[in-house]
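Dropping work_17.txt in here (compact mmCIF, C-alpha atoms and all ligand atoms):
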# COMPACT_ATOMS: atom_id res chain seq x y z
CA MET A 1 -11.76 -50.06 -7.92
CA ARG A 2 -9.56 -51.56 -10.54
CA ILE A 3 -10.62 -52.95 -13.90
CA GLU A 4 -8.03 -54.37 -16.24
CA ARG A 5 -8.54 -54.69 -19.95
CA ARG A 6 -6.10 -55.56 -22.69
CA ASP A 7 -4.93 -52.00 -23.40
CA PHE A 8 -6.53 -50.15 -20.55
CA THR A 9 -6.61 -50.18 -16.78
CA LEU A 10 -9.07 -48.22 -14.67
CA ASP A 11 -7.60 -47.66 -11.23
CA VAL A 12 -9.49 -45.16 -9.08
CA ASP A 13 -9.87 -44.50 -5.39
CA LEU A 14 -12.37 -41.70 -4.90
CA THR A 15 -14.51 -40.23 -2.16
CA LEU A 16 -17.18 -37.99 -3.63
CA PRO A 17 -19.66 -35.62 -1.96
CA GLY A 18 -23.13 -37.03 -1.34
CA ARG A 19 -24.82 -33.96 -2.75
CA GLY A 20 -24.66 -31.73 -5.81
CA VAL A 21 -23.40 -32.64 -9.25
CA THR A 22 -20.10 -34.47 -9.56
CA VAL A 23 -18.79 -34.46 -13.12
CA LEU A 24 -16.40 -37.15 -14.31
CA PHE A 25 -14.47 -35.36 -17.03
CA GLY A 26 -11.76 -36.56 -19.37
CA HIS A 27 -10.79 -37.24 -22.94
CA SER A 28 -12.35 -40.03 -24.95
CA GLY A 29 -11.06 -43.34 -23.65
CA SER A 30 -10.00 -41.96 -20.25
CA GLY A 31 -12.36 -44.37 -18.49
CA LYS A 32 -15.35 -42.20 -17.54
CA THR A 33 -18.02 -44.63 -18.72
CA THR A 34 -16.20 -47.63 -17.27
CA CYS A 35 -16.03 -45.85 -13.91
CA LEU A 36 -19.74 -44.96 -13.97
CA ARG A 37 -20.77 -48.47 -15.02
CA ALA A 38 -18.68 -49.94 -12.20
CA MET A 39 -20.48 -47.64 -9.72
CA ALA A 40 -23.80 -48.89 -11.06
CA GLY A 41 -22.61 -52.49 -10.76
CA LEU A 42 -22.99 -52.97 -14.52
CA GLU A 43 -19.28 -53.63 -14.75
CA ARG A 44 -17.58 -55.66 -12.06
CA ALA A 45 -14.26 -54.47 -10.72
CA PRO A 46 -12.81 -57.64 -9.16
CA GLY A 47 -11.63 -56.97 -5.62
CA GLY A 48 -13.27 -53.55 -5.65
CA TYR A 49 -14.99 -51.60 -2.92
CA PHE A 50 -17.89 -49.28 -3.42
CA ALA A 51 -20.14 -47.69 -0.85
CA PHE A 52 -22.91 -45.15 -1.13
CA GLY A 53 -23.21 -43.46 2.26
CA THR A 54 -23.65 -46.30 4.75
CA GLN A 55 -24.76 -48.77 2.07
CA VAL A 56 -21.92 -50.99 0.92
CA TRP A 57 -22.65 -52.03 -2.66
CA GLN A 58 -19.44 -53.91 -3.26
CA ASP A 59 -16.80 -55.12 -0.84
CA GLU A 60 -14.52 -57.80 -2.07
CA ALA A 61 -11.34 -56.35 -0.67
CA SER A 62 -11.54 -56.92 3.05
CA GLY A 63 -12.76 -60.36 3.94
CA ARG A 64 -16.33 -59.81 2.72
CA GLN A 65 -15.50 -61.89 -0.33
CA GLY A 66 -18.21 -61.78 -2.87
CA HIS A 67 -20.32 -58.99 -1.34
CA PHE A 68 -21.77 -57.51 -4.50
CA VAL A 69 -25.19 -55.88 -4.68
CA ALA A 70 -26.79 -56.44 -8.09
CA PRO A 71 -27.41 -53.28 -10.15
CA HIS A 72 -31.21 -53.47 -9.83
CA ARG A 73 -30.93 -53.67 -6.04
CA ARG A 74 -28.88 -50.47 -5.80
CA ALA A 75 -30.94 -47.36 -5.09
CA LEU A 76 -29.65 -45.59 -8.16
CA GLY A 77 -30.96 -44.41 -11.49
CA VAL A 78 -28.91 -44.48 -14.67
CA VAL A 79 -29.44 -42.31 -17.74
CA PHE A 80 -27.42 -43.11 -20.83
CA GLN A 81 -26.58 -41.11 -23.91
CA GLU A 82 -29.46 -42.44 -25.95
CA ALA A 83 -32.96 -42.11 -24.57
CA SER A 84 -34.38 -45.58 -24.02
CA LEU A 85 -38.17 -45.48 -23.87
CA PHE A 86 -40.76 -48.12 -24.65
CA ALA A 87 -41.96 -47.09 -28.11
CA HIS A 88 -45.40 -48.69 -27.72
CA LEU A 89 -46.19 -46.92 -24.44
CA SER A 90 -47.24 -43.29 -23.99
CA VAL A 91 -44.98 -40.90 -22.13
CA ARG A 92 -47.23 -41.25 -19.07
CA ARG A 93 -47.07 -45.06 -19.20
CA ASN A 94 -43.29 -44.93 -19.60
CA MET A 95 -43.09 -42.76 -16.52
CA GLN A 96 -45.44 -45.03 -14.59
CA PHE A 97 -43.16 -47.92 -15.48
CA GLY A 98 -40.35 -46.12 -13.61
CA GLU A 99 -42.66 -45.34 -10.71
CA GLN A 100 -43.67 -48.99 -10.34
CA ARG A 101 -40.05 -49.95 -9.83
CA ALA A 102 -40.14 -48.24 -6.43
CA PRO A 103 -42.20 -49.74 -3.59
CA THR A 104 -45.04 -47.33 -2.69
CA SER A 105 -43.47 -46.53 0.69
CA GLU A 106 -40.22 -45.46 -0.97
CA ARG A 107 -41.71 -43.23 -3.65
CA ARG A 108 -40.31 -39.76 -3.16
CA PHE A 109 -41.77 -37.76 -6.02
CA ALA A 110 -45.20 -37.61 -7.62
CA LEU A 111 -45.47 -38.17 -11.36
CA ALA A 112 -47.15 -34.80 -11.92
CA GLU A 113 -44.44 -33.05 -9.93
CA VAL A 114 -41.62 -34.64 -11.93
CA ALA A 115 -43.44 -34.00 -15.22
CA ALA A 116 -43.79 -30.31 -14.32
CA LEU A 117 -40.18 -30.08 -13.22
CA LEU A 118 -38.93 -31.44 -16.53
CA GLY A 119 -41.46 -29.56 -18.66
CA ILE A 120 -43.18 -32.65 -20.03
CA THR A 121 -46.72 -32.18 -18.72
CA PRO A 122 -48.07 -31.30 -22.20
CA LEU A 123 -46.41 -34.41 -23.66
CA LEU A 124 -47.85 -37.04 -21.32
CA ASP A 125 -50.26 -38.55 -23.84
CA ARG A 126 -47.85 -38.65 -26.77
CA SER A 127 -45.85 -41.67 -27.77
CA PRO A 128 -42.02 -41.52 -27.79
CA GLY A 129 -42.05 -41.44 -31.60
CA GLN A 130 -43.79 -38.06 -31.42
CA LEU A 131 -41.07 -36.43 -29.33
CA SER A 132 -37.89 -34.56 -30.20
CA GLY A 133 -34.56 -36.00 -29.04
CA GLY A 134 -34.39 -33.52 -26.16
CA GLU A 135 -37.94 -34.29 -25.06
CA ARG A 136 -37.26 -38.02 -25.19
CA GLN A 137 -34.22 -37.57 -23.00
CA ARG A 138 -36.24 -35.51 -20.51
CA VAL A 139 -38.80 -38.32 -20.30
CA THR A 140 -35.99 -40.84 -19.76
CA ILE A 141 -34.69 -38.71 -16.90
CA ALA A 142 -38.21 -38.39 -15.45
CA ARG A 143 -38.66 -42.15 -15.56
CA ALA A 144 -35.34 -42.68 -13.78
CA ILE A 145 -36.31 -40.19 -11.05
CA LEU A 146 -39.72 -41.77 -10.48
CA ALA A 147 -38.02 -45.05 -9.58
CA ALA A 148 -36.98 -43.16 -6.38
CA PRO A 149 -33.21 -43.47 -6.67
CA GLN A 150 -30.99 -42.01 -3.97
CA ILE A 151 -28.41 -41.07 -6.58
CA LEU A 152 -28.60 -40.48 -10.32
CA LEU A 153 -25.80 -41.59 -12.65
CA MET A 154 -25.78 -39.89 -16.04
CA ASP A 155 -23.51 -40.93 -18.90
CA GLU A 156 -23.22 -38.05 -21.37
CA PRO A 157 -27.00 -37.63 -21.38
CA LEU A 158 -26.80 -34.74 -23.83
CA ALA A 159 -24.19 -36.13 -26.21
CA ALA A 160 -26.69 -37.35 -28.78
CA LEU A 161 -28.40 -33.95 -28.97
CA ASP A 162 -27.56 -30.98 -31.16
CA LEU A 163 -26.56 -27.70 -29.55
CA LYS A 164 -30.07 -26.26 -29.63
CA ARG A 165 -31.54 -29.25 -27.78
CA LYS A 166 -28.63 -29.27 -25.36
CA LEU A 167 -29.26 -25.67 -24.43
CA GLU A 168 -32.93 -26.49 -24.05
CA ILE A 169 -32.34 -29.35 -21.62
CA LEU A 170 -29.58 -27.85 -19.46
CA PRO A 171 -31.90 -25.56 -17.45
CA TYR A 172 -34.02 -28.62 -16.59
CA LEU A 173 -30.98 -30.45 -15.27
CA GLU A 174 -30.12 -27.43 -13.15
CA ARG A 175 -33.67 -27.27 -11.82
CA LEU A 176 -33.62 -30.95 -11.07
CA GLN A 177 -30.56 -30.51 -8.98
CA ARG A 178 -31.89 -27.45 -7.15
CA GLU A 179 -35.33 -28.78 -6.39
CA LEU A 180 -34.84 -32.50 -5.75
CA SER A 181 -31.47 -32.38 -3.98
CA LEU A 182 -30.61 -35.71 -5.56
CA PRO A 183 -26.87 -36.28 -5.88
CA ILE A 184 -25.84 -36.71 -9.52
CA ILE A 185 -22.71 -38.27 -11.00
CA TYR A 186 -22.44 -36.96 -14.53
CA VAL A 187 -20.04 -38.13 -17.23
CA SER A 188 -19.02 -35.50 -19.75
CA HIS A 189 -16.24 -34.51 -22.07
CA SER A 190 -17.71 -31.07 -22.67
CA PRO A 191 -16.00 -28.20 -20.82
CA ASP A 192 -19.22 -26.19 -21.22
CA GLU A 193 -21.26 -28.78 -19.34
CA VAL A 194 -18.60 -28.98 -16.66
CA ALA A 195 -18.64 -25.22 -16.17
CA ARG A 196 -22.37 -25.07 -16.08
CA LEU A 197 -23.34 -28.07 -14.01
CA ALA A 198 -20.48 -29.27 -11.85
CA ASP A 199 -20.13 -28.64 -8.15
CA HIS A 200 -17.40 -31.22 -7.80
CA LEU A 201 -15.06 -32.20 -10.60
CA VAL A 202 -13.07 -35.38 -11.17
CA LEU A 203 -10.51 -35.37 -13.97
CA LEU A 204 -9.82 -38.78 -15.43
CA ASP A 205 -6.75 -39.44 -17.52
CA GLN A 206 -5.76 -42.87 -18.82
CA GLY A 207 -7.87 -44.67 -16.24
CA LYS A 208 -6.65 -42.62 -13.26
CA ALA A 209 -8.28 -39.79 -11.35
CA ILE A 210 -5.65 -37.07 -11.63
CA ALA A 211 -7.72 -34.50 -9.74
CA SER A 212 -10.88 -34.48 -7.64
CA GLY A 213 -12.25 -31.47 -5.78
CA PRO A 214 -14.67 -28.57 -5.76
CA LEU A 215 -15.12 -27.15 -9.27
CA ARG A 216 -13.43 -23.84 -8.62
CA GLU A 217 -10.41 -25.49 -7.05
CA VAL A 218 -9.83 -28.02 -9.83
CA LEU A 219 -10.47 -25.54 -12.67
CA SER A 220 -7.89 -23.11 -11.30
CA ARG A 221 -5.09 -25.67 -11.02
CA ILE A 222 -2.41 -24.96 -13.58
CA ASP A 223 -0.34 -28.06 -12.93
CA LEU A 224 -2.76 -30.43 -14.65
CA PRO A 225 -1.66 -31.75 -18.01
CA ALA A 226 -3.58 -30.12 -20.83
CA ALA A 227 -6.90 -31.23 -19.39
CA PHE A 228 -8.70 -28.20 -20.68
CA ALA A 229 -6.13 -27.00 -23.21
CA ASP A 230 -7.57 -23.95 -24.94
CA ASP A 231 -10.63 -24.01 -22.71
CA ALA A 232 -8.68 -23.43 -19.48
CA GLY A 233 -10.49 -20.94 -17.30
CA VAL A 234 -12.42 -20.47 -14.09
CA VAL A 235 -16.02 -20.29 -13.04
CA ILE A 236 -17.10 -17.65 -10.55
CA GLU A 237 -20.36 -17.15 -8.75
CA THR A 238 -21.62 -13.58 -9.06
CA ARG A 239 -24.66 -11.66 -7.84
CA LEU A 240 -26.66 -9.40 -10.12
CA ALA A 241 -26.09 -6.03 -8.42
CA ALA A 242 -27.54 -3.32 -10.68
CA GLN A 243 -28.83 -2.36 -14.09
CA GLU A 244 -26.83 0.43 -15.71
CA ALA A 245 -28.40 3.09 -17.92
CA ASP A 246 -26.53 1.99 -21.07
CA ASP A 247 -27.92 -1.54 -21.35
CA LEU A 248 -25.24 -3.12 -19.22
CA THR A 249 -25.75 -5.16 -16.07
CA ARG A 250 -23.39 -4.99 -13.12
CA LEU A 251 -22.45 -8.27 -11.45
CA GLU A 252 -20.58 -8.40 -8.17
CA PHE A 253 -18.34 -11.00 -6.60
CA PRO A 254 -15.98 -10.70 -3.64
CA GLY A 255 -13.13 -9.75 -5.99
CA GLY A 256 -14.87 -6.85 -7.68
CA GLN A 257 -17.47 -6.19 -10.30
CA ILE A 258 -18.08 -7.25 -13.87
CA LEU A 259 -20.18 -5.48 -16.48
CA VAL A 260 -22.02 -7.63 -19.00
CA SER A 261 -24.70 -7.13 -21.65
CA ARG A 262 -28.07 -6.44 -20.09
CA ARG A 263 -29.61 -9.38 -18.19
CA ASP A 264 -33.24 -9.30 -17.18
CA GLU A 265 -33.07 -11.37 -14.00
CA PRO A 266 -34.00 -9.58 -10.75
CA ILE A 267 -31.40 -7.85 -8.60
CA GLY A 268 -29.80 -10.38 -6.26
CA THR A 269 -29.97 -13.31 -8.72
CA LEU A 270 -26.92 -15.54 -8.50
CA LEU A 271 -25.27 -16.08 -11.87
CA ARG A 272 -22.42 -18.40 -12.72
CA CYS A 273 -19.83 -16.87 -15.07
CA ARG A 274 -17.08 -18.56 -16.99
CA ILE A 275 -13.90 -16.62 -17.68
CA HIS A 276 -11.43 -18.24 -20.06
CA ALA A 277 -7.73 -17.78 -19.38
CA ARG A 278 -7.31 -16.62 -22.98
CA ASP A 279 -9.70 -13.72 -22.29
CA VAL A 280 -7.71 -12.31 -19.38
CA SER A 281 -4.81 -9.93 -19.96
CA LEU A 282 -2.48 -8.42 -17.38
CA ALA A 283 -1.22 -4.89 -16.81
CA LEU A 284 0.97 -3.37 -14.12
CA VAL A 285 -0.92 -0.06 -14.02
CA PRO A 286 -4.59 0.78 -14.59
CA GLN A 287 -5.35 1.00 -18.30
CA VAL A 288 -7.26 4.21 -18.85
CA HIS A 289 -6.89 4.15 -22.62
CA SER A 290 -8.49 0.79 -23.11
CA SER A 291 -11.87 -0.37 -24.38
CA ILE A 292 -11.91 -3.21 -21.85
CA LEU A 293 -14.35 -2.27 -19.09
CA ASN A 294 -13.70 -5.07 -16.68
CA SER A 295 -10.56 -4.86 -14.62
CA VAL A 296 -9.88 -6.33 -11.18
CA GLU A 297 -7.01 -6.12 -8.71
CA ALA A 298 -5.11 -9.39 -8.65
CA THR A 299 -2.01 -10.98 -7.18
CA VAL A 300 0.09 -13.54 -9.04
CA VAL A 301 0.13 -16.94 -7.32
CA GLU A 302 2.06 -19.10 -9.79
CA LEU A 303 2.95 -19.64 -13.45
CA ALA A 304 3.09 -22.75 -15.60
CA SER A 305 3.65 -23.52 -19.24
CA THR A 306 0.67 -24.43 -21.42
CA VAL A 307 0.08 -26.51 -24.51
CA THR A 308 -0.13 -23.30 -26.55
CA PRO A 309 3.38 -22.61 -27.90
CA GLY A 310 4.98 -19.41 -26.59
CA HIS A 311 2.38 -18.93 -23.86
CA VAL A 312 2.19 -19.32 -20.10
CA LEU A 313 -0.72 -19.79 -17.74
CA VAL A 314 -0.80 -17.47 -14.75
CA ARG A 315 -2.84 -18.30 -11.67
CA LEU A 316 -4.06 -15.16 -9.91
CA ASP A 317 -5.78 -14.49 -6.64
CA VAL A 318 -8.58 -11.93 -6.67
CA VAL A 319 -9.60 -11.50 -3.03
CA GLY A 320 -9.61 -15.24 -2.49
CA GLU A 321 -11.19 -16.00 -5.86
CA PRO A 322 -8.94 -17.79 -8.36
CA LEU A 323 -8.54 -16.39 -11.88
CA LEU A 324 -6.38 -17.69 -14.74
CA ALA A 325 -4.69 -15.64 -17.44
CA ARG A 326 -3.00 -17.00 -20.53
CA ILE A 327 -0.38 -14.60 -21.84
CA THR A 328 2.70 -14.90 -24.04
CA ARG A 329 5.96 -15.83 -22.41
CA ARG A 330 7.37 -12.67 -23.94
CA SER A 331 4.82 -10.52 -22.07
CA ALA A 332 5.42 -12.47 -18.86
CA ASP A 333 9.14 -11.72 -19.14
CA LYS A 334 8.59 -8.08 -20.08
CA LEU A 335 6.24 -7.47 -17.14
CA GLN A 336 8.39 -9.66 -14.86
CA ILE A 337 5.36 -11.67 -13.82
CA ARG A 338 6.26 -13.56 -10.63
CA PRO A 339 4.46 -14.87 -7.54
CA GLY A 340 3.39 -12.08 -5.20
CA LEU A 341 3.24 -9.39 -7.89
CA ALA A 342 0.14 -7.18 -7.63
CA LEU A 343 -1.38 -6.14 -10.95
CA LYS A 344 -4.57 -5.44 -12.86
CA ALA A 345 -6.31 -8.30 -14.59
CA GLN A 346 -8.39 -7.16 -17.53
CA ILE A 347 -11.27 -9.41 -18.45
CA LYS A 348 -12.06 -9.22 -22.15
CA ALA A 349 -15.03 -11.57 -22.22
CA VAL A 350 -17.35 -13.24 -19.75
CA ALA A 351 -19.71 -16.08 -20.57
CA LEU A 352 -22.81 -16.24 -18.40
CA LEU A 353 -23.82 -19.80 -17.76
CA ALA A 354 -27.44 -19.52 -16.82
N1 LIG B 401 -16.35 -53.77 -23.20
C1 LIG B 401 -15.08 -53.41 -23.36
N2 LIG B 401 -14.12 -54.31 -23.59
C2 LIG B 401 -12.83 -53.96 -23.74
N3 LIG B 401 -12.40 -52.69 -23.69
C3 LIG B 401 -13.31 -51.73 -23.48
C4 LIG B 401 -14.70 -52.04 -23.30
N4 LIG B 401 -15.37 -50.88 -23.10
C5 LIG B 401 -14.45 -49.89 -23.14
N5 LIG B 401 -13.21 -50.40 -23.37
C6 LIG B 401 -11.96 -49.64 -23.43
O1 LIG B 401 -11.73 -49.09 -22.14
C7 LIG B 401 -11.19 -47.76 -22.24
C8 LIG B 401 -12.07 -46.78 -21.49
O2 LIG B 401 -13.32 -46.68 -22.12
P1 LIG B 401 -14.48 -45.76 -21.57
O3 LIG B 401 -15.68 -45.99 -22.43
O4 LIG B 401 -14.62 -45.98 -20.11
O5 LIG B 401 -13.90 -44.31 -21.82
P2 LIG B 401 -14.63 -42.89 -21.82
O6 LIG B 401 -13.72 -41.96 -21.11
O7 LIG B 401 -16.00 -43.02 -21.29
O8 LIG B 401 -14.66 -42.56 -23.37
P3 LIG B 401 -15.74 -41.77 -24.28
O9 LIG B 401 -15.71 -40.34 -23.85
O10 LIG B 401 -15.20 -41.97 -25.66
O11 LIG B 401 -17.07 -42.44 -24.05
C9 LIG B 401 -11.07 -47.49 -23.73
O12 LIG B 401 -9.73 -47.75 -24.08
C10 LIG B 401 -12.01 -48.48 -24.38
O13 LIG B 401 -11.55 -48.83 -25.66

When written as structure tokens, how does the structure in this file appear?
Ligand SMILES: Nc1ncnc2c1ncn2[C@@H]1O[C@H](COP(=O)(O)OP(=O)(O)OP(=O)(O)O)[C@@H](O)[C@H]1O
Amino acid sequence: MRIERRDFTLDVDLTLPGRGVTVLFGHSGSGKTTCLRAMAGLERAPGGYFAFGTQVWQDEASGRQGHFVAPHRRALGVVFQEASLFAHLSVRRNMQFGEQRAPTSERRFALAEVAALLGITPLLDRSPGQLSGGERQRVTIARAILAAPQILLMDEPLAALDLKRKLEILPYLERLQRELSLPIIYVSHSPDEVARLADHLVLLDQGKAIASGPLREVLSRIDLPAAFADDAGVVIETRLAAQEADDLTRLEFPGGQILVSRRDEPIGTLLRCRIHARDVSLALVPQVHSSILNSVEATVVELASTVTPGHVLVRLDVVGEPLLARITRRSADKLQIRPGLALKAQIKAVALLA
């Protein structure tokens, strides 16, 4: 689809997976919201084409002039930044309003089930004015789900919340995804949200999709212009393998193991970890005189310059798992870092995302 404005053109041609969370990520003004609104039909891209599975929602490019399904006829739910509830109705009535939008035969989820999933059962009889911002947003999401959409579009749904409320709501979004298997397209400019929620990532830059692919693939690309700047890094899926005697927990992934502060989840739990490039250092031989516990065997794949002066970004392969390291150009020269070189990657810090 293509939308032209005075100083901005959105021009995207994307095929996205019909499951999981797809995050549209980019700087302010890159076109994320415009893209999402065009998908919802709230913004018309003249001559555009948009299909959801076998349902064609817009086709004005190939002879089907004027085929445009109105937003309210598309089986989608939209959640915006600001919660939008009817102030004079209770939480339950607000949710019922969503439910009534779906014909009985198409209703997929029961109100009580959705309320439990989003942790709002105790709030059902309150009015929106008696809710916190995070609670209000959870009710908005519940109402959208009860309208039985086949896909949920979310435009920075956490942006209006402070960090505490954000952290409170994120687990619900994860649960939603796990338990309802509803595909979600999620607009964000927060690298933390991307790392935590995305399965598929689209990078938008000046109205164009400069990358689109599975999270781990896109995050480990070092040829993308400053998309993540200082936040460059990868996300790896690990399995909680053991509790150590000294209050550390051992996580395993195909490339090795990582020790982190004690976690209380059961053995076998899958945990997503984020490792920033700035927290990975490189050494040619094992470092025995080092306080850094986590070290994995890695092979250099490629190098690229970064926005940080004097530094380079190194893409490594750790038994098929990508890892990024940001080191000074001086160190890269001294260690003669080059593709194919085998070395030790020391991981100084790991952020657990769940
Ligand atoms: N209704 C409008 N009329 C004209 N220009 C608009 C309109 N809405 C947005 N724009 C412009 O289109 C461009 C893309 O805006 P958009 O809101 O899609 O970006 P975004 O990536 O979602 O940004 P943000 O993260 O700040 O919300 C911007 O240059 C913006 O100024």

Exercise: residues within 10 Å of coordinate (-16.1, -48.9, -5.0), counting all atoms listed in the file, as an MDAnalysis selection string
chainID A and resid 1:2 12:15 35 38:41 44:45 47:52 56:61

Around ligand LIG 401 (chain B), out to 9 Å and counting only C-alpha atoms and all ligand atoms, which residues are there? I want them as a ChimeraX atom specification.
/A:4-10,24-37,43,155-156,187-189,204-207

Produce a table with one row for each residue of region 3-85 of chain A that has an atom at most 8 Å from any atom of region 168-183 of chain A, each row naming the nearest atom pair and its distance in Å at one decimal; use all atoms listed in the file; arrange rows by chain and rising residue number; format as CSV.
residue,atom,partner,partner_atom,distance
A:Gly18,CA,A:Pro183,CA,5.9
A:Arg19,CA,A:Pro183,CA,4.4
A:Gly20,CA,A:Pro183,CA,5.1
A:Val21,CA,A:Pro183,CA,6.1
A:Thr22,CA,A:Pro183,CA,7.9

note - CA of Val23 (chain A) and CA of Ala209 (chain A) are separated by 11.9 Å

Spatial neighbours of region 337-351 of chain A, max dist 8 Å, only C-alpha atoms, sep filter under 3 positions, as a ChimeraX atom specification:
/A:260,273-276,279-286,292-303,332-334

Kindly give the distance, in Å, that separates CA of Ile184 (chain A) and CA of Ile236 (chain A), rounded to a single decimal.
21.0 Å

Proximity to Leu271 (chain A) - best of A:Met95, A:Gly77, A:Val288, A:Arg239, only C-alpha atoms
A:Arg239

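Straight-line separation from CA of Leu259 (chain A) to CA of Val235 (chain A): 15.8 Å.
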
Exercise: Pro128 (chain A) partners within 10 Å, all atoms listed in the file, chain neighbours under 4 positions left out, as a VMD selection string
chain A and resid 83 to 91 94 123 to 124 132 to 133 135 to 137 139

Would you kindly return, as a ChimeraX atom specification, each protein, DNA or RNA residue with an atom no farther than 6 Å from any atom of Arg326 (chain A), considering all atoms listed in the file and excluding same-chain residues fewer than 6 positions away?
/A:277-278,312-313

Give me, as a compact mmCIF listing (two decimals) with C-alpha atoms, keeping the file's coordinate frame, all polymer residues having an atom no more than 12 Å from Ala304 (chain A), counting only C-alpha atoms and skipping those fewer than 5 positions away in the same chain.
# COMPACT_ATOMS: atom_id res chain seq x y z
CA SER A 220 -7.89 -23.11 -11.30
CA ARG A 221 -5.09 -25.67 -11.02
CA ILE A 222 -2.41 -24.96 -13.58
CA ASP A 223 -0.34 -28.06 -12.93
CA LEU A 224 -2.76 -30.43 -14.65
CA PRO A 225 -1.66 -31.75 -18.01
CA ALA A 226 -3.58 -30.12 -20.83
CA GLY A 310 4.98 -19.41 -26.59
CA HIS A 311 2.38 -18.93 -23.86
CA VAL A 312 2.19 -19.32 -20.10
CA LEU A 313 -0.72 -19.79 -17.74
CA VAL A 314 -0.80 -17.47 -14.75
CA ARG A 315 -2.84 -18.30 -11.67
CA LEU A 316 -4.06 -15.16 -9.91
CA LEU A 324 -6.38 -17.69 -14.74
CA ALA A 325 -4.69 -15.64 -17.44
CA ARG A 326 -3.00 -17.00 -20.53
CA ILE A 327 -0.38 -14.60 -21.84
CA THR A 328 2.70 -14.90 -24.04
CA ARG A 329 5.96 -15.83 -22.41
CA ALA A 332 5.42 -12.47 -18.86
CA ILE A 337 5.36 -11.67 -13.82
CA ARG A 338 6.26 -13.56 -10.63
CA PRO A 339 4.46 -14.87 -7.54

Using all atoms listed in the file, which of A:Leu201, A:Ala75, A:Leu131, A:Ala211 sits nearest Glu106 (chain A)?
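Checking each candidate against Glu106 (chain A), we get A:Ala75 as the closest.
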
Quick one: residues within 12 Å of Pro266 (chain A), only C-alpha atoms, excluding same-chain residues fewer than 6 positions away - as a CSV table (one decimal) with C-alpha atoms, in the frame of the given file?
chain,number,residue,atom,x,y,z
A,239,ARG,CA,-24.7,-11.7,-7.8
A,240,LEU,CA,-26.7,-9.4,-10.1
A,241,ALA,CA,-26.1,-6.0,-8.4
A,242,ALA,CA,-27.5,-3.3,-10.7
A,243,GLN,CA,-28.8,-2.4,-14.1
A,249,THR,CA,-25.8,-5.2,-16.1
A,250,ARG,CA,-23.4,-5.0,-13.1
A,251,LEU,CA,-22.4,-8.3,-11.4

Nearest residue to Gly320 (chain A) from the set A:Pro254, A:Gly213, A:Pro103, A:Gly66 (distances using all atoms listed in the file):
A:Pro254

Step by step, gather every atom of region 242-245 of chain A that the file lists, find the box along x, y and z that holds them, add 4 Å on each side, and finally give centre and edge lengths in Å to one decimal, as JSON.
{"center_x": -27.8, "center_y": -0.1, "center_z": -14.3, "size_x": 10.0, "size_y": 14.4, "size_z": 15.2}

Would you list the residues near (-20.1, -27.0, -12.5), meaning any protein, DNA or RNA residue with an atom at most 9 Å from that point in file coordinates, counting all atoms listed in the file, as an mmCIF file with C-alpha atoms, in the coordinates of the input?
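The resulting file, out-v8.cif, is reproduced below:
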data_model
loop_
_atom_site.group_PDB
_atom_site.id
_atom_site.type_symbol
_atom_site.label_atom_id
_atom_site.label_comp_id
_atom_site.auth_asym_id
_atom_site.auth_seq_id
_atom_site.Cartn_x
_atom_site.Cartn_y
_atom_site.Cartn_z
ATOM 1 C CA VAL A 21 -23.400 -32.640 -9.250
ATOM 2 C CA THR A 22 -20.100 -34.470 -9.560
ATOM 3 C CA VAL A 23 -18.790 -34.460 -13.120
ATOM 4 C CA ASP A 192 -19.220 -26.190 -21.220
ATOM 5 C CA GLU A 193 -21.260 -28.780 -19.340
ATOM 6 C CA VAL A 194 -18.600 -28.980 -16.660
ATOM 7 C CA ALA A 195 -18.640 -25.220 -16.170
ATOM 8 C CA ARG A 196 -22.370 -25.070 -16.080
ATOM 9 C CA LEU A 197 -23.340 -28.070 -14.010
ATOM 10 C CA ALA A 198 -20.480 -29.270 -11.850
ATOM 11 C CA ASP A 199 -20.130 -28.640 -8.150
ATOM 12 C CA HIS A 200 -17.400 -31.220 -7.800
ATOM 13 C CA LEU A 201 -15.060 -32.200 -10.600
ATOM 14 C CA PRO A 214 -14.670 -28.570 -5.760
ATOM 15 C CA LEU A 215 -15.120 -27.150 -9.270
ATOM 16 C CA ARG A 216 -13.430 -23.840 -8.620
ATOM 17 C CA VAL A 235 -16.020 -20.290 -13.040
ATOM 18 C CA ARG A 272 -22.420 -18.400 -12.720
#
